[in-house]
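Participant: Sharing a structure, written as structure tokens. Questions coming.
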Amino acid sequence: AQQQQQQDVEYTFEDSAPGIGPDEENKTIHPILGTALLDLGYKRIHTVSARCLASIPVWEKQRVYRHDRAKAMAADKARSTHTGLPGIITLHEAMDGQLAILDGQHRVGMMAILEGKVKVGGKDKSESTDPGFDIDLDTILVEVFPHKNPEKYPKHAEDIFVEINKAEPVKLVDLPGVANVAERKIINGAAEALKNSFPEMFKPSTRCRQPHLNLDNLRDALFSSDVLKRHSLKSDKALVDWMMEKNALLAKEFAAQGANGGRTASKSVSKSALAKAEKFNFFLGLDSTWLYQ
């Protein structure tokens, strides 16, 4: 399939304007992906079959494909087909027309598994063994980013990949039906109050380093560690007071380890991180074990 793809990519697009209207002559036709539903110049939108997507290689710098993950996703989707297929598969198109999956490789694997399960012997693939399976695997939404200026943007695929993966996943505490409204209100209020009291110790990045905290990471950690129930905390003020007690205990622990001035820092914490924690009297970002005490 990949060899056929390389043979088919020798094509030229219509010189006319990008196809966004009903006139078929103005639409971009790709030999593998078919007619573009929309051509924005920097990217095109197509619908293709799951089988077609499964034949497209994964971008060389993508993380390793895990088939067990795709199988688990397929099992979950088989139980929730009423939601369809949220999201979009992202492809990159090199100057020679070679396609590669930039984002969505495990969803493509999931769809390939589902397609295998819904096909019946030699019958048409639209006939499913499961009458409740209502996902059209012949019409999958994809976006294609063509590499048009390699001299100016030599890392085009990498730039897009990085931008996509900068997006932050939804935290457990924010998922509908996971945390109840009362719990979320207490956690949100307490986390915001702590941030307002120690603004220098909070960073917008979820990958922030010691001694800093990220607001959303803190919210999620407070929920996941179940501190409200374990310590019978009924208000955001009670939660703030509890966190400040933990902060005071950590301050004593690090002081006992020699965390002052020029003394040797703890092996798990850098000297500069300890110095900043001491400067602002905020130690919660140095160690997460306080959440489970």
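Each chain in the structure tokens gets a letter, A, B, ..., in the order shown, and its residues are numbered from 1; ligands are numbered from 1 in order too.
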Within range 26-93 of chain A, find each residue whose DSSP state, derived from the backbone, is strand (DSSP E), and express the selection as JSON, numbers by chain.
Facilitator: {"A": [29, 30, 34, 35, 38, 39, 44, 45, 46, 47, 48, 89, 90, 91, 92, 93]}
Participant: Would you return as a PyMOL selection string the members of range 34-86 of chain A that DSSP assigns to alpha helix (DSSP H) on this structure's backbone?
Facilitator: chain A and resi 50-54+67-78
Participant: Pick the closest to Ile101 in chain A from A:Ala70, A:Val144, A:Val240, A:Leu114: which is it, counting only C-alpha atoms?
Facilitator: A:Val144
Participant: Write out as a PyMOL selection string which residues come within 12 Å of range 176-183 of chain A when counting only C-alpha atoms, dropping same-chain ones fewer than 6 positions away.
Facilitator: chain A and resi 170+189-190+219-220+222-224+226-229+232-236+239
Participant: Nearest residue to Phe161 in chain A out of A:Gln293, A:Thr90, A:Asn281, A:Gln257, using only C-alpha atoms?
Facilitator: A:Thr90
Participant: Give me the residues within 7 Å of range 109-113 of chain A as a list in words, counting only C-alpha atoms and dropping any in the same chain fewer than 3 places off.
Facilitator: Ala50, Arg51, Ala54, Ala70, Lys71, Met73, Ala74, Gln105, His106, Gly116 and Lys117 of chain A
Participant: Could you take the residues named above and write them with N, CA, C and O atoms, as an mmCIF file, in the first residue's frame?
Facilitator:
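Full text of result-v1.cif as output:
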data_model
loop_
_atom_site.group_PDB
_atom_site.id
_atom_site.type_symbol
_atom_site.label_atom_id
_atom_site.label_comp_id
_atom_site.auth_asym_id
_atom_site.auth_seq_id
_atom_site.Cartn_x
_atom_site.Cartn_y
_atom_site.Cartn_z
ATOM 1 N N ALA A 50 -11.271 4.150 7.233
ATOM 2 C CA ALA A 50 -10.335 3.670 8.246
ATOM 3 C C ALA A 50 -9.291 2.762 7.605
ATOM 4 O O ALA A 50 -8.126 2.768 8.001
ATOM 5 N N ARG A 51 -9.710 2.002 6.606
ATOM 6 C CA ARG A 51 -8.767 1.110 5.916
ATOM 7 C C ARG A 51 -7.681 1.921 5.212
ATOM 8 O O ARG A 51 -6.502 1.565 5.249
ATOM 9 N N ALA A 54 -5.193 3.243 7.751
ATOM 10 C CA ALA A 54 -4.322 2.197 8.289
ATOM 11 C C ALA A 54 -3.144 1.911 7.370
ATOM 12 O O ALA A 54 -2.129 1.353 7.812
ATOM 13 N N ALA A 70 -4.213 0.556 21.614
ATOM 14 C CA ALA A 70 -5.251 0.641 20.579
ATOM 15 C C ALA A 70 -6.367 -0.367 20.853
ATOM 16 O O ALA A 70 -7.557 -0.073 20.658
ATOM 17 N N LYS A 71 -6.008 -1.557 21.339
ATOM 18 C CA LYS A 71 -7.008 -2.576 21.652
ATOM 19 C C LYS A 71 -7.906 -2.123 22.801
ATOM 20 O O LYS A 71 -9.126 -2.327 22.767
ATOM 21 N N MET A 73 -8.534 0.981 23.625
ATOM 22 C CA MET A 73 -9.368 2.060 23.097
ATOM 23 C C MET A 73 -10.530 1.496 22.278
ATOM 24 O O MET A 73 -11.652 2.004 22.341
ATOM 25 N N ALA A 74 -10.258 0.447 21.496
ATOM 26 C CA ALA A 74 -11.304 -0.180 20.689
ATOM 27 C C ALA A 74 -12.384 -0.799 21.573
ATOM 28 O O ALA A 74 -13.585 -0.702 21.281
ATOM 29 N N GLN A 105 -2.355 8.234 15.801
ATOM 30 C CA GLN A 105 -1.965 6.887 15.379
ATOM 31 C C GLN A 105 -2.704 5.795 16.154
ATOM 32 O O GLN A 105 -3.085 4.767 15.578
ATOM 33 N N HIS A 106 -2.946 6.009 17.444
ATOM 34 C CA HIS A 106 -3.642 4.989 18.227
ATOM 35 C C HIS A 106 -5.135 4.957 17.910
ATOM 36 O O HIS A 106 -5.762 3.900 17.973
ATOM 37 N N GLY A 116 -12.209 -4.608 11.758
ATOM 38 C CA GLY A 116 -12.078 -6.058 11.703
ATOM 39 C C GLY A 116 -13.179 -6.767 12.461
ATOM 40 O O GLY A 116 -13.605 -7.858 12.086
ATOM 41 N N LYS A 117 -13.668 -6.139 13.521
ATOM 42 C CA LYS A 117 -14.720 -6.762 14.336
ATOM 43 C C LYS A 117 -16.099 -6.643 13.720
ATOM 44 O O LYS A 117 -16.958 -7.490 13.943
#
Participant: When you count only C-alpha atoms, which of these residues is closest to Arg184 in chain A: A:His67, A:Lys171, A:His231, A:Lys279?
Facilitator: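 For Arg184 in chain A, the nearest of the candidates is A:Lys171.
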Participant: Could you tell me how far CA of Asp103 in chain A lies from CA of Ile89 in chain A, in Å and to one decimal?
Facilitator: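 Going from CA of Asp103 in chain A over to CA of Ile89 in chain A covers 6.0 Å.
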Participant: Go ahead and compute the interatomic distance for CA of Leu194 in chain A and CA of Leu291 in chain A, in Å to one decimal.
Facilitator: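 Between these atoms lies a distance of 14.8 Å.
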Participant: Could you jot down the CA of Asp136 in chain A to CA of Val108 in chain A separation for me, Å, one decimal place?
Facilitator: 13.6 Å
Participant: Looking at only C-alpha atoms, which of A:Lys185, A:Lys271, A:His46, A:Lys246 is the one that sits closest to Asp138 in chain A?
Facilitator: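 Of A:Lys185, A:Lys271, A:His46, A:Lys246, the one nearest Asp138 in chain A is A:His46, counting only C-alpha atoms.
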